[in-house]
$ cat model-v7.cif   # mmCIF, C-alpha atoms and all ligand atoms
data_input
#
loop_
_atom_site.label_atom_id
_atom_site.label_comp_id
_atom_site.auth_asym_id
_atom_site.auth_seq_id
_atom_site.Cartn_x
_atom_site.Cartn_y
_atom_site.Cartn_z
CA MET A 1 -61.61 -47.59 139.84
CA ILE A 2 -63.34 -50.67 138.51
CA ILE A 3 -61.51 -53.96 138.85
CA VAL A 4 -62.65 -56.50 136.30
CA LEU A 5 -61.92 -60.10 137.33
CA LYS A 6 -61.15 -62.93 134.97
CA LYS A 7 -63.92 -65.38 134.02
CA ASN A 8 -65.26 -67.75 136.65
CA ALA A 9 -63.58 -66.17 139.65
CA THR A 10 -64.30 -68.19 142.80
CA SER A 11 -65.63 -66.68 146.02
CA THR A 12 -62.13 -67.06 147.50
CA ASP A 13 -60.69 -65.08 144.56
CA ILE A 14 -63.30 -62.36 145.00
CA LYS A 15 -62.63 -62.12 148.72
CA SER A 16 -58.89 -61.83 148.14
CA VAL A 17 -59.44 -58.91 145.76
CA GLU A 18 -61.86 -57.22 148.17
CA ASP A 19 -59.33 -57.57 151.00
CA LYS A 20 -56.60 -56.04 148.84
CA VAL A 21 -58.89 -53.14 147.90
CA ARG A 22 -59.66 -52.48 151.58
CA GLU A 23 -55.96 -52.68 152.45
CA LEU A 24 -55.32 -49.92 149.91
CA GLY A 25 -57.88 -47.66 151.56
CA TYR A 26 -60.95 -48.15 149.36
CA GLU A 27 -64.35 -49.66 150.00
CA PRO A 28 -65.08 -52.60 147.64
CA HIS A 29 -68.55 -53.02 146.08
CA THR A 30 -68.79 -56.29 144.21
CA ILE A 31 -71.15 -57.02 141.35
CA GLN A 32 -71.36 -60.65 140.32
CA GLY A 33 -72.54 -61.30 136.77
CA GLU A 34 -73.20 -64.65 135.07
CA VAL A 35 -69.62 -64.95 133.87
CA ARG A 36 -67.69 -61.95 135.11
CA THR A 37 -67.36 -60.26 138.46
CA VAL A 38 -66.39 -56.63 138.84
CA VAL A 39 -65.29 -54.91 142.01
CA ALA A 40 -65.92 -51.18 142.21
CA ALA A 41 -63.37 -49.58 144.53
CA VAL A 42 -64.86 -46.45 146.08
CA GLY A 43 -62.47 -43.86 147.47
CA ASP A 44 -60.42 -40.86 146.49
CA GLU A 45 -57.64 -41.84 144.13
CA SER A 46 -55.75 -38.65 144.86
CA THR A 47 -55.26 -39.53 148.52
CA HIS A 48 -54.90 -43.31 148.28
CA SER A 49 -52.44 -45.39 146.37
CA SER A 50 -53.29 -46.34 142.84
CA LEU A 51 -55.11 -49.59 142.26
CA GLU A 52 -53.57 -50.12 138.85
CA ALA A 53 -50.98 -52.40 140.43
CA LEU A 54 -53.78 -54.91 141.13
CA THR A 55 -53.37 -56.10 137.53
CA HIS A 56 -50.51 -58.13 139.02
CA LEU A 57 -53.02 -60.39 140.80
CA ALA A 58 -53.58 -63.50 138.69
CA ILE A 59 -57.37 -63.25 138.93
CA VAL A 60 -57.55 -59.60 137.81
CA ASP A 61 -58.20 -58.97 134.13
CA ARG A 62 -58.25 -55.15 133.96
CA VAL A 63 -58.32 -52.13 136.23
CA LEU A 64 -60.26 -49.19 134.80
CA PRO A 65 -60.11 -45.67 136.19
CA ILE A 66 -63.48 -43.93 136.32
CA GLN A 67 -62.52 -40.60 137.92
CA LYS A 68 -60.88 -37.90 135.82
CA LYS A 69 -57.31 -37.35 136.94
CA TYR A 70 -57.73 -33.60 136.59
CA LYS A 71 -60.16 -32.68 139.32
CA LEU A 72 -59.69 -28.98 139.88
CA ILE A 73 -59.96 -27.94 136.24
CA SER A 74 -62.58 -30.44 135.14
CA ARG A 75 -66.13 -29.56 134.25
CA GLU A 76 -67.17 -32.84 135.82
CA THR A 77 -66.39 -31.47 139.29
CA HIS A 78 -66.86 -27.75 138.51
CA PRO A 79 -69.44 -27.25 135.72
CA GLU A 80 -69.14 -23.44 135.73
CA PRO A 81 -66.55 -22.11 133.25
CA ALA A 82 -63.58 -20.37 134.90
CA THR A 83 -62.59 -16.85 133.94
CA VAL A 84 -59.13 -15.35 134.14
CA GLN A 85 -58.73 -11.71 135.15
CA ILE A 86 -55.87 -9.75 133.58
CA GLY A 87 -56.08 -6.24 135.02
CA ASP A 88 -59.40 -4.93 133.72
CA LEU A 89 -59.74 -7.65 131.07
CA THR A 90 -61.64 -10.87 131.67
CA ILE A 91 -60.86 -13.94 129.60
CA GLY A 92 -63.42 -16.71 129.24
CA ASN A 93 -66.57 -14.68 129.93
CA GLY A 94 -67.96 -14.87 126.41
CA GLU A 95 -65.75 -12.19 124.96
CA PHE A 96 -63.19 -13.24 122.35
CA HIS A 97 -59.71 -11.81 122.97
CA VAL A 98 -56.92 -11.52 120.46
CA ILE A 99 -53.35 -11.42 121.76
CA ALA A 100 -50.99 -10.16 119.08
CA GLY A 101 -47.42 -9.02 118.64
CA PRO A 102 -44.06 -10.15 117.37
CA CYS A 103 -42.60 -13.58 117.91
CA SER A 104 -39.51 -11.91 119.41
CA VAL A 105 -38.96 -8.44 120.72
CA GLU A 106 -36.18 -7.27 118.39
CA SER A 107 -36.01 -3.51 118.90
CA MET A 108 -37.93 -0.60 120.39
CA GLU A 109 -39.12 0.50 116.97
CA GLN A 110 -40.22 -2.95 115.79
CA THR A 111 -42.16 -3.60 119.01
CA MET A 112 -43.73 -0.14 119.25
CA THR A 113 -44.82 -0.18 115.61
CA THR A 114 -46.37 -3.61 116.07
CA ALA A 115 -48.04 -2.75 119.37
CA ARG A 116 -49.66 0.38 117.94
CA ALA A 117 -50.83 -1.46 114.84
CA VAL A 118 -52.33 -4.47 116.61
CA ARG A 119 -54.07 -2.30 119.17
CA GLN A 120 -55.49 -0.12 116.41
CA ALA A 121 -56.81 -3.28 114.75
CA GLY A 122 -58.47 -4.41 118.00
CA ALA A 123 -56.03 -6.73 119.79
CA THR A 124 -56.50 -6.56 123.55
CA LEU A 125 -53.15 -7.97 124.74
CA LEU A 126 -49.60 -7.63 123.42
CA ARG A 127 -47.36 -10.65 122.96
CA GLY A 128 -43.60 -10.66 122.44
CA GLY A 129 -40.77 -12.95 123.47
CA ALA A 130 -37.81 -11.48 125.36
CA PHE A 131 -36.43 -14.89 126.37
CA LYS A 132 -36.76 -17.20 123.38
CA PRO A 133 -36.62 -21.01 123.49
CA ARG A 134 -34.97 -21.69 120.11
CA THR A 135 -34.45 -25.10 118.60
CA SER A 136 -30.94 -24.18 117.45
CA PRO A 137 -28.47 -22.68 119.92
CA TYR A 138 -27.13 -20.55 117.04
CA ASP A 139 -30.47 -18.81 116.46
CA PHE A 140 -31.49 -15.48 118.00
CA GLN A 141 -32.13 -16.13 121.69
CA GLY A 142 -34.05 -12.94 122.48
CA LEU A 143 -32.97 -9.62 123.98
CA GLY A 144 -33.58 -10.75 127.58
CA GLN A 145 -33.90 -7.83 130.02
CA GLU A 146 -33.64 -5.28 127.22
CA GLY A 147 -36.62 -6.98 125.58
CA LEU A 148 -38.61 -6.71 128.82
CA ASP A 149 -37.81 -2.99 129.04
CA ILE A 150 -39.11 -2.53 125.49
CA LEU A 151 -42.32 -4.39 126.36
CA ASP A 152 -42.70 -2.12 129.40
CA ALA A 153 -42.52 0.93 127.16
CA ALA A 154 -45.07 -0.57 124.75
CA LYS A 155 -47.37 -1.32 127.67
CA VAL A 156 -47.14 2.23 129.01
CA GLU A 157 -47.96 3.75 125.63
CA THR A 158 -50.71 1.39 124.46
CA GLY A 159 -52.22 0.26 127.78
CA MET A 160 -52.07 -3.34 126.55
CA PRO A 161 -51.26 -6.03 129.11
CA VAL A 162 -48.19 -8.04 128.10
CA VAL A 163 -47.89 -11.79 127.50
CA THR A 164 -44.30 -13.00 127.47
CA GLU A 165 -42.55 -16.32 127.91
CA VAL A 166 -40.57 -17.64 130.85
CA VAL A 167 -38.10 -20.31 129.84
CA ARG A 168 -36.31 -20.93 133.11
CA GLU A 169 -36.99 -20.59 136.80
CA GLY A 170 -34.17 -18.11 137.33
CA ASP A 171 -35.85 -15.54 135.05
CA ILE A 172 -39.25 -15.57 136.76
CA GLU A 173 -38.61 -12.61 139.05
CA ALA A 174 -37.39 -10.36 136.23
CA VAL A 175 -40.14 -11.45 133.81
CA CYS A 176 -42.84 -10.88 136.43
CA LYS A 177 -41.90 -7.19 136.71
CA THR A 178 -43.08 -6.72 133.11
CA ALA A 179 -45.44 -9.58 132.31
CA ASP A 180 -49.15 -9.49 133.01
CA VAL A 181 -49.37 -13.06 131.73
CA LEU A 182 -46.56 -15.60 131.90
CA GLN A 183 -46.37 -17.83 128.84
CA ILE A 184 -45.16 -21.38 129.21
CA GLY A 185 -44.00 -22.50 125.81
CA ALA A 186 -44.47 -25.83 124.10
CA ARG A 187 -40.94 -26.91 124.95
CA ASN A 188 -41.53 -26.41 128.67
CA ALA A 189 -45.13 -27.53 128.71
CA LEU A 190 -44.35 -30.64 130.76
CA ASN A 191 -41.61 -29.11 132.91
CA TYR A 192 -43.42 -29.61 136.20
CA ALA A 193 -40.88 -27.78 138.37
CA LEU A 194 -41.24 -24.70 136.16
CA LEU A 195 -45.05 -25.04 136.16
CA GLU A 196 -45.07 -25.02 139.96
CA ALA A 197 -42.66 -22.10 140.10
CA VAL A 198 -44.77 -19.94 137.76
CA ALA A 199 -47.89 -20.99 139.65
CA ASP A 200 -46.37 -19.56 142.83
CA THR A 201 -46.23 -16.07 141.28
CA GLY A 202 -50.04 -15.98 141.23
CA LYS A 203 -49.88 -14.36 137.76
CA PRO A 204 -52.16 -15.54 134.96
CA ILE A 205 -50.47 -18.30 132.95
CA LEU A 206 -50.85 -19.04 129.24
CA LEU A 207 -50.02 -22.72 129.05
CA LYS A 208 -49.13 -23.97 125.58
CA ARG A 209 -49.66 -27.61 124.70
CA GLY A 210 -46.45 -29.58 124.31
CA VAL A 211 -45.53 -30.63 120.77
CA ALA A 212 -46.20 -34.28 121.56
CA ALA A 213 -48.56 -33.91 124.50
CA THR A 214 -51.90 -35.66 124.58
CA VAL A 215 -54.92 -33.64 125.66
CA GLN A 216 -54.77 -35.46 129.00
CA GLU A 217 -51.12 -34.48 129.52
CA TRP A 218 -51.93 -30.87 128.58
CA LEU A 219 -54.85 -30.75 131.03
CA LEU A 220 -52.80 -32.39 133.77
CA ALA A 221 -50.08 -29.77 133.25
CA ALA A 222 -52.76 -27.14 133.89
CA GLU A 223 -53.89 -29.12 136.93
CA TYR A 224 -50.33 -28.80 138.34
CA ILE A 225 -50.65 -25.02 138.28
CA VAL A 226 -54.15 -24.91 139.74
CA LYS A 227 -53.32 -27.52 142.41
CA ARG A 228 -50.46 -25.28 143.47
CA GLY A 229 -53.03 -22.58 144.28
CA ASN A 230 -53.09 -20.53 141.08
CA PRO A 231 -56.42 -20.87 139.25
CA ASN A 232 -55.52 -18.29 136.58
CA VAL A 233 -54.66 -20.64 133.75
CA MET A 234 -55.48 -20.34 130.06
CA LEU A 235 -54.86 -23.35 127.85
CA CYS A 236 -53.24 -22.69 124.48
CA GLU A 237 -53.41 -25.08 121.53
CA ARG A 238 -50.43 -24.36 119.25
CA GLY A 239 -50.23 -27.40 117.02
CA ILE A 240 -48.71 -30.79 117.55
CA ARG A 241 -46.05 -32.78 115.73
CA THR A 242 -47.54 -35.13 113.13
CA PHE A 243 -46.42 -36.77 109.89
CA GLU A 244 -47.71 -33.78 107.89
CA THR A 245 -45.12 -31.55 106.23
CA ALA A 246 -47.38 -28.98 104.56
CA THR A 247 -47.58 -27.13 107.86
CA ARG A 248 -45.00 -26.69 110.63
CA ASN A 249 -47.33 -28.43 113.08
CA THR A 250 -50.88 -29.72 112.88
CA LEU A 251 -53.26 -27.30 114.59
CA ASP A 252 -55.46 -29.64 116.58
CA LEU A 253 -58.85 -27.96 116.70
CA SER A 254 -60.44 -31.20 117.94
CA ALA A 255 -58.32 -30.76 121.05
CA VAL A 256 -59.78 -27.29 121.49
CA ALA A 257 -63.30 -28.71 121.38
CA VAL A 258 -62.32 -31.49 123.80
CA ALA A 259 -60.56 -29.07 126.17
CA LYS A 260 -63.67 -26.87 126.21
CA LEU A 261 -65.85 -29.88 127.04
CA GLU A 262 -63.54 -31.45 129.59
CA SER A 263 -62.08 -28.47 131.36
CA ARG A 264 -63.45 -25.22 132.71
CA LEU A 265 -60.43 -23.19 131.66
CA PRO A 266 -60.40 -20.66 128.82
CA VAL A 267 -58.78 -21.98 125.64
CA ILE A 268 -56.69 -19.78 123.34
CA VAL A 269 -55.58 -20.88 119.87
CA ASP A 270 -52.18 -20.05 118.39
CA PRO A 271 -52.57 -20.44 114.61
CA SER A 272 -49.08 -18.96 114.00
CA HIS A 273 -47.11 -21.84 115.52
CA GLY A 274 -49.85 -24.26 114.51
CA ALA A 275 -49.39 -23.45 110.83
CA GLY A 276 -45.87 -22.08 110.54
CA ARG A 277 -46.99 -20.21 107.40
CA TRP A 278 -48.60 -16.80 107.17
CA ASP A 279 -50.94 -17.60 104.29
CA ILE A 280 -53.37 -19.79 106.24
CA ILE A 281 -53.42 -17.88 109.55
CA ILE A 282 -56.68 -16.05 108.78
CA ALA A 283 -58.46 -19.27 107.77
CA LEU A 284 -57.28 -21.06 110.91
CA SER A 285 -58.27 -18.10 113.08
CA LYS A 286 -61.82 -18.24 111.74
CA ALA A 287 -61.92 -21.97 112.41
CA ALA A 288 -60.60 -21.48 115.94
CA ALA A 289 -63.30 -18.92 116.68
CA ALA A 290 -65.97 -21.18 115.21
CA VAL A 291 -64.90 -24.22 117.22
CA GLY A 292 -65.39 -22.31 120.47
CA ALA A 293 -62.00 -20.92 121.45
CA ASP A 294 -61.95 -17.97 123.86
CA GLY A 295 -59.29 -16.13 121.91
CA LEU A 296 -56.25 -16.20 119.67
CA ILE A 297 -52.56 -15.47 120.00
CA VAL A 298 -51.16 -14.30 116.67
CA GLU A 299 -47.66 -13.28 115.61
CA VAL A 300 -47.40 -9.91 113.83
CA HIS A 301 -44.26 -8.15 112.57
CA PRO A 302 -43.92 -4.82 110.73
CA ASP A 303 -41.74 -6.56 108.13
CA PRO A 304 -41.77 -10.34 108.52
CA SER A 305 -39.15 -10.70 105.78
CA VAL A 306 -36.48 -9.39 108.17
CA ALA A 307 -37.80 -11.00 111.39
CA LEU A 308 -35.18 -12.59 113.65
CA SER A 309 -37.50 -15.52 114.42
CA ASP A 310 -40.54 -17.15 112.83
CA GLY A 311 -40.59 -14.76 109.83
CA ASP A 312 -42.48 -17.29 107.73
CA GLN A 313 -45.52 -17.29 110.01
CA GLN A 314 -45.80 -13.65 111.13
CA LEU A 315 -48.48 -11.43 109.63
CA GLU A 316 -47.92 -7.94 108.33
CA PRO A 317 -50.07 -5.43 110.23
CA GLU A 318 -52.40 -4.93 107.24
CA LEU A 319 -53.19 -8.63 107.09
CA PHE A 320 -53.68 -8.72 110.83
CA ALA A 321 -56.25 -5.94 110.49
CA GLU A 322 -58.03 -8.07 107.88
CA LEU A 323 -57.96 -11.03 110.25
CA MET A 324 -59.62 -8.92 112.95
CA GLU A 325 -62.45 -8.00 110.59
CA GLU A 326 -62.88 -11.41 109.02
CA ILE A 327 -63.13 -13.36 112.27
CA VAL A 328 -66.13 -11.37 113.55
CA PRO A 329 -68.91 -13.49 111.98
CA PHE A 330 -67.19 -16.66 113.24
CA VAL A 331 -66.82 -15.27 116.76
CA GLU A 332 -70.49 -14.33 116.73
CA ALA A 333 -71.58 -17.66 115.25
CA ALA A 334 -69.98 -19.28 118.29
CA GLY A 335 -72.06 -17.03 120.56
CA LYS A 336 -69.24 -14.67 121.58
CA LYS A 337 -68.38 -11.03 121.08
CA LEU A 338 -65.05 -9.63 120.00
CA ALA A 339 -63.49 -7.90 123.04
CA LYS A 340 -62.46 -4.27 122.76
CA PRO A 341 -59.01 -2.96 123.78
CA LEU A 342 -58.75 -1.07 127.05
CA PRO A 343 -58.31 2.67 126.74
CA ALA A 344 -54.64 3.63 127.01
CA LYS A 345 -53.86 5.37 130.30
CA ALA A 346 -53.47 9.06 129.73
CA THR A 347 -49.82 10.11 129.94
CA SER A 348 -48.84 13.74 129.88
C1 LIG B 1 -43.71 -18.44 120.81
O1 LIG B 1 -44.83 -18.16 121.24
O2 LIG B 1 -43.00 -17.63 120.16
C2 LIG B 1 -43.22 -19.83 120.97
C3 LIG B 1 -41.93 -20.11 121.04
O3 LIG B 1 -44.23 -20.71 120.99
P1 LIG B 1 -44.24 -22.32 121.23
O4 LIG B 1 -43.75 -22.52 122.61
O5 LIG B 1 -45.67 -22.66 121.02
O6 LIG B 1 -43.34 -22.91 120.18
MN MN B 2 -42.73 -17.68 117.49
#

$ encode --input "model-v7.cif" --output "structure tokens"
Amino acid sequence: MIIVLKKNATSTDIKSVEDKVRELGYEPHTIQGEVRTVVAAVGDESTHSSLEALTHLAIVDRVLPIQKKYKLISRETHPEPATVQIGDLTIGNGEFHVIAGPCSVESMEQTMTTARAVRQAGATLLRGGAFKPRTSPYDFQGLGQEGLDILDAAKVETGMPVVTEVVREGDIEAVCKTADVLQIGARNALNYALLEAVADTGKPILLKRGVAATVQEWLLAAEYIVKRGNPNVMLCERGIRTFETATRNTLDLSAVAVAKLESRLPVIVDPSHGAGRWDIIIALSKAAAAVGADGLIVEVHPDPSVALSDGDQQLEPELFAELMEEIVPFVEAAGKKLAKPLPAKATS
């Protein structure tokens, strides 16, 4: 922290600030300029009390943090990018992964048809919500355990690891039996008790950005999980709430670039929730690949016109196959390679 003193601070003023800094567990280093004096407080902000309260001293003008609040996930402290292992798949190692599947698991047939189609097109992981966080309590809330059983069957047949959402702590045990990756949705993105609880499972976590979360809040949410001892976190940009009405949210690709610079975690882009409309998903996917994302999560439904949730933004399988072809030059322009699906385990 840097403590900037008001103009013409006297030596008594400076000494009083230095004493306060020492009291709070830091070592003060004072630099006296012609007009201004600044006191650099050296020490670990995570183990000592915050110095921000020093703004209450009459002689203090500003207190400026210089350390990043996210230490474990930051590139500043750990320059090497982190990878996340999901079974035999590695995320963040230069391969570009596409997670695809329905918004909600609706039936065995709908999920199986989608899983086969997205795998055929080159998706490496299957998504699908069994527990759905819906804005309206009257909307389809997901099939719950039955949805998890359907995802299990799709996993057995296609060999694709499953990404599915946890909305409450009480469901974690059941969801973990099926999920290879636990998704934390935008609505729970700042629910710190839930973040710690999913961290404790040790499973890879796909952490969406909250609808009104700043990049710093998003990264600090990830820090919660890593600090709890689970380094297997993937960040997911899924659009934020803005004044724009042409799209459901505003897909913030600047945040993807910032997250890649600031943090060492893989970043996945969700153009489906970012756009809320199927007709710009391919364009946004190309942009996401070009900006340096490590992968996509895309909603696909065999017949979006009858989907029980997010029908307006889900792609038909044919369009998804086009997406998979059209993104390749953008993935490669960003210096990555499109990952290949794992072979399905032979079943007799
Ligand atoms: C979802 O992935 O279907 C979902 C509900 O996403 P979000 O939390 O980003 O709204
Ligand atoms: Mn959805």

$ residues_around --input "model-v7.cif" --residues "Asp149 (chain A)" --least-positions-apart "4" --cutoff "12 Å" --atoms "only C-alpha atoms" --output "list in words"
Val105, Glu106, Ser107, Met108, Thr111, Met112, Gly128, Gly129, Ala130, Leu143, Gly144, Gln145, Ala153, Ala154, Lys155, Val156, Val162, Ala174, Val175, Cys176, Lys177, Thr178 and Ala179 of chain A

$ residues_near_ligand --input "model-v7.cif" --ligand "ligand MN 2 (chain B)" --cutoff "9 Å" --atoms "only C-alpha atoms and all ligand atoms" --output "PyMOL selection string"
chain A and resi 102-104+128-129+132+272-273+276+299+309-311+313-314

$ closest_residue --input "model-v7.cif" --among "A:Arg187, A:Arg75, A:Arg277, A:Arg36" --to "Lys6 (chain A)" --atoms "only C-alpha atoms"
A:Arg36

$ atom_distance --input "model-v7.cif" --atom1 "CA of Asn232 (chain A)" --atom2 "CA of Glu157 (chain A)"
25.7 Å

$ atom_distance --input "model-v7.cif" --atom1 "CA of Phe131 (chain A)" --atom2 "atom C3 of ligand LIG 1 (chain B)"
9.3 Å

$ atom_distance --input "model-v7.cif" --atom1 "CA of Leu296 (chain A)" --atom2 "CA of Asp270 (chain A)"
5.7 Å

$ closest_residue --input "model-v7.cif" --among "A:Val42, A:Tyr224, A:Asn93, A:Glu262" --to "Thr77 (chain A)" --atoms "only C-alpha atoms"
A:Glu262

$ residues_around --input "model-v7.cif" --residues "Asp180 (chain A)" --least-positions-apart "2" --cutoff "7 Å" --atoms "all atoms listed in the file" --output "MDAnalysis selection string"
chainID A and resid 86 161:163 178 182 203

$ residues_around --input "model-v7.cif" --residues "Val17 (chain A)" --least-positions-apart "5" --cutoff "9 Å" --atoms "all atoms listed in the file" --output "VMD selection string"
chain A and resid 3 5 12 22 28 39 54 57 59 to 60

$ write_last_selection --input "model-v7.cif" --atoms "C-alpha atoms" --output "PDB file, in the coordinates of the input"
ATOM      1  CA  ILE A   3     -61.510 -53.960 138.850  1.00  0.00           C
ATOM      2  CA  LEU A   5     -61.920 -60.100 137.330  1.00  0.00           C
ATOM      3  CA  THR A  12     -62.130 -67.060 147.500  1.00  0.00           C
ATOM      4  CA  ARG A  22     -59.660 -52.480 151.580  1.00  0.00           C
ATOM      5  CA  PRO A  28     -65.080 -52.600 147.640  1.00  0.00           C
ATOM      6  CA  VAL A  39     -65.290 -54.910 142.010  1.00  0.00           C
ATOM      7  CA  LEU A  54     -53.780 -54.910 141.130  1.00  0.00           C
ATOM      8  CA  LEU A  57     -53.020 -60.390 140.800  1.00  0.00           C
ATOM      9  CA  ILE A  59     -57.370 -63.250 138.930  1.00  0.00           C
ATOM     10  CA  VAL A  60     -57.550 -59.600 137.810  1.00  0.00           C
TER      11      VAL A  60
END

$ closest_residue --input "model-v7.cif" --among "A:Gly170, A:Gly87, A:Gly229, A:Gly295" --to "Ala339 (chain A)" --atoms "all atoms listed in the file"
A:Gly295

$ closest_residue --input "model-v7.cif" --among "A:Glu332, A:Glu23, A:Glu316, A:Glu45" --to "Pro65 (chain A)" --atoms "only C-alpha atoms"
A:Glu45

$ residues_near_point --input "model-v7.cif" --point "(-65.5, -54.0, 148.3)" --cutoff "12 Å" --atoms "all atoms listed in the file" --output "PDB file with C-alpha atoms, keeping the file's coordinate frame"
ATOM      1  CA  MET A   1     -61.610 -47.590 139.840  1.00  0.00           C
ATOM      2  CA  ILE A   2     -63.340 -50.670 138.510  1.00  0.00           C
ATOM      3  CA  ILE A   3     -61.510 -53.960 138.850  1.00  0.00           C
ATOM      4  CA  ILE A  14     -63.300 -62.360 145.000  1.00  0.00           C
ATOM      5  CA  LYS A  15     -62.630 -62.120 148.720  1.00  0.00           C
ATOM      6  CA  SER A  16     -58.890 -61.830 148.140  1.00  0.00           C
ATOM      7  CA  VAL A  17     -59.440 -58.910 145.760  1.00  0.00           C
ATOM      8  CA  GLU A  18     -61.860 -57.220 148.170  1.00  0.00           C
ATOM      9  CA  ASP A  19     -59.330 -57.570 151.000  1.00  0.00           C
ATOM     10  CA  LYS A  20     -56.600 -56.040 148.840  1.00  0.00           C
ATOM     11  CA  VAL A  21     -58.890 -53.140 147.900  1.00  0.00           C
ATOM     12  CA  ARG A  22     -59.660 -52.480 151.580  1.00  0.00           C
ATOM     13  CA  GLU A  23     -55.960 -52.680 152.450  1.00  0.00           C
ATOM     14  CA  LEU A  24     -55.320 -49.920 149.910  1.00  0.00           C
ATOM     15  CA  GLY A  25     -57.880 -47.660 151.560  1.00  0.00           C
ATOM     16  CA  TYR A  26     -60.950 -48.150 149.360  1.00  0.00           C
ATOM     17  CA  GLU A  27     -64.350 -49.660 150.000  1.00  0.00           C
ATOM     18  CA  PRO A  28     -65.080 -52.600 147.640  1.00  0.00           C
ATOM     19  CA  HIS A  29     -68.550 -53.020 146.080  1.00  0.00           C
ATOM     20  CA  THR A  30     -68.790 -56.290 144.210  1.00  0.00           C
ATOM     21  CA  ILE A  31     -71.150 -57.020 141.350  1.00  0.00           C
ATOM     22  CA  GLN A  32     -71.360 -60.650 140.320  1.00  0.00           C
ATOM     23  CA  THR A  37     -67.360 -60.260 138.460  1.00  0.00           C
ATOM     24  CA  VAL A  38     -66.390 -56.630 138.840  1.00  0.00           C
ATOM     25  CA  VAL A  39     -65.290 -54.910 142.010  1.00  0.00           C
ATOM     26  CA  ALA A  40     -65.920 -51.180 142.210  1.00  0.00           C
ATOM     27  CA  ALA A  41     -63.370 -49.580 144.530  1.00  0.00           C
ATOM     28  CA  VAL A  42     -64.860 -46.450 146.080  1.00  0.00           C
ATOM     29  CA  GLY A  43     -62.470 -43.860 147.470  1.00  0.00           C
TER      30      GLY A  43
END

$ residues_around --input "model-v7.cif" --residues "region 287-292 of chain A" --least-positions-apart "6" --cutoff "7 Å" --atoms "only C-alpha atoms" --output "list of chain:residue names"
A:Leu253, A:Ala257, A:Val269, A:Phe330, A:Val331, A:Ala333, A:Ala334

$ write_last_selection --input "model-v7.cif" --atoms "C-alpha atoms" --output "PDB file, in the coordinates of the input"
ATOM      1  CA  LEU A 253     -58.850 -27.960 116.700  1.00  0.00           C
ATOM      2  CA  ALA A 257     -63.300 -28.710 121.380  1.00  0.00           C
ATOM      3  CA  VAL A 269     -55.580 -20.880 119.870  1.00  0.00           C
ATOM      4  CA  PHE A 330     -67.190 -16.660 113.240  1.00  0.00           C
ATOM      5  CA  VAL A 331     -66.820 -15.270 116.760  1.00  0.00           C
ATOM      6  CA  ALA A 333     -71.580 -17.660 115.250  1.00  0.00           C
ATOM      7  CA  ALA A 334     -69.980 -19.280 118.290  1.00  0.00           C
TER       8      ALA A 334
END

$ closest_residue --input "model-v7.cif" --among "A:Ile240, A:Leu342, A:Met324, A:Leu194" --to "ligand LIG 1 (chain B)" --atoms "all atoms listed in the file"
A:Ile240

$ closest_residue --input "model-v7.cif" --among "A:Glu34, A:Asp303, A:Glu196, A:Asp252" --to "Lys227 (chain A)" --atoms "all atoms listed in the file"
A:Glu196

$ residues_around --input "model-v7.cif" --residues "Val84 (chain A)" --least-positions-apart "5" --cutoff "9 Å" --atoms "all atoms listed in the file" --output "PDB file with C-alpha atoms, keeping the file's coordinate frame"
ATOM      1  CA  LEU A  89     -59.740  -7.650 131.070  1.00  0.00           C
ATOM      2  CA  THR A  90     -61.640 -10.870 131.670  1.00  0.00           C
ATOM      3  CA  ILE A  91     -60.860 -13.940 129.600  1.00  0.00           C
ATOM      4  CA  GLY A  92     -63.420 -16.710 129.240  1.00  0.00           C
ATOM      5  CA  ASN A  93     -66.570 -14.680 129.930  1.00  0.00           C
ATOM      6  CA  PRO A 204     -52.160 -15.540 134.960  1.00  0.00           C
ATOM      7  CA  PRO A 231     -56.420 -20.870 139.250  1.00  0.00           C
ATOM      8  CA  ASN A 232     -55.520 -18.290 136.580  1.00  0.00           C
ATOM      9  CA  VAL A 233     -54.660 -20.640 133.750  1.00  0.00           C
ATOM     10  CA  MET A 234     -55.480 -20.340 130.060  1.00  0.00           C
ATOM     11  CA  LEU A 265     -60.430 -23.190 131.660  1.00  0.00           C
ATOM     12  CA  PRO A 266     -60.400 -20.660 128.820  1.00  0.00           C
TER      13      PRO A 266
END

$ closest_atom_pairs --input "model-v7.cif" --of "region 130-160 of chain A" --to "region 117-125 of chain A" --cutoff "9 Å" --atoms "all atoms listed in the file" --output "Markdown table"
| residue | atom | partner | partner_atom | distance |
| --- | --- | --- | --- | --- |
| A:Thr158 | CA | A:Arg119 | CA | 7.3 |
| A:Gly159 | CA | A:Leu125 | CA | 8.8 |
| A:Met160 | CA | A:Leu125 | CA | 5.1 |
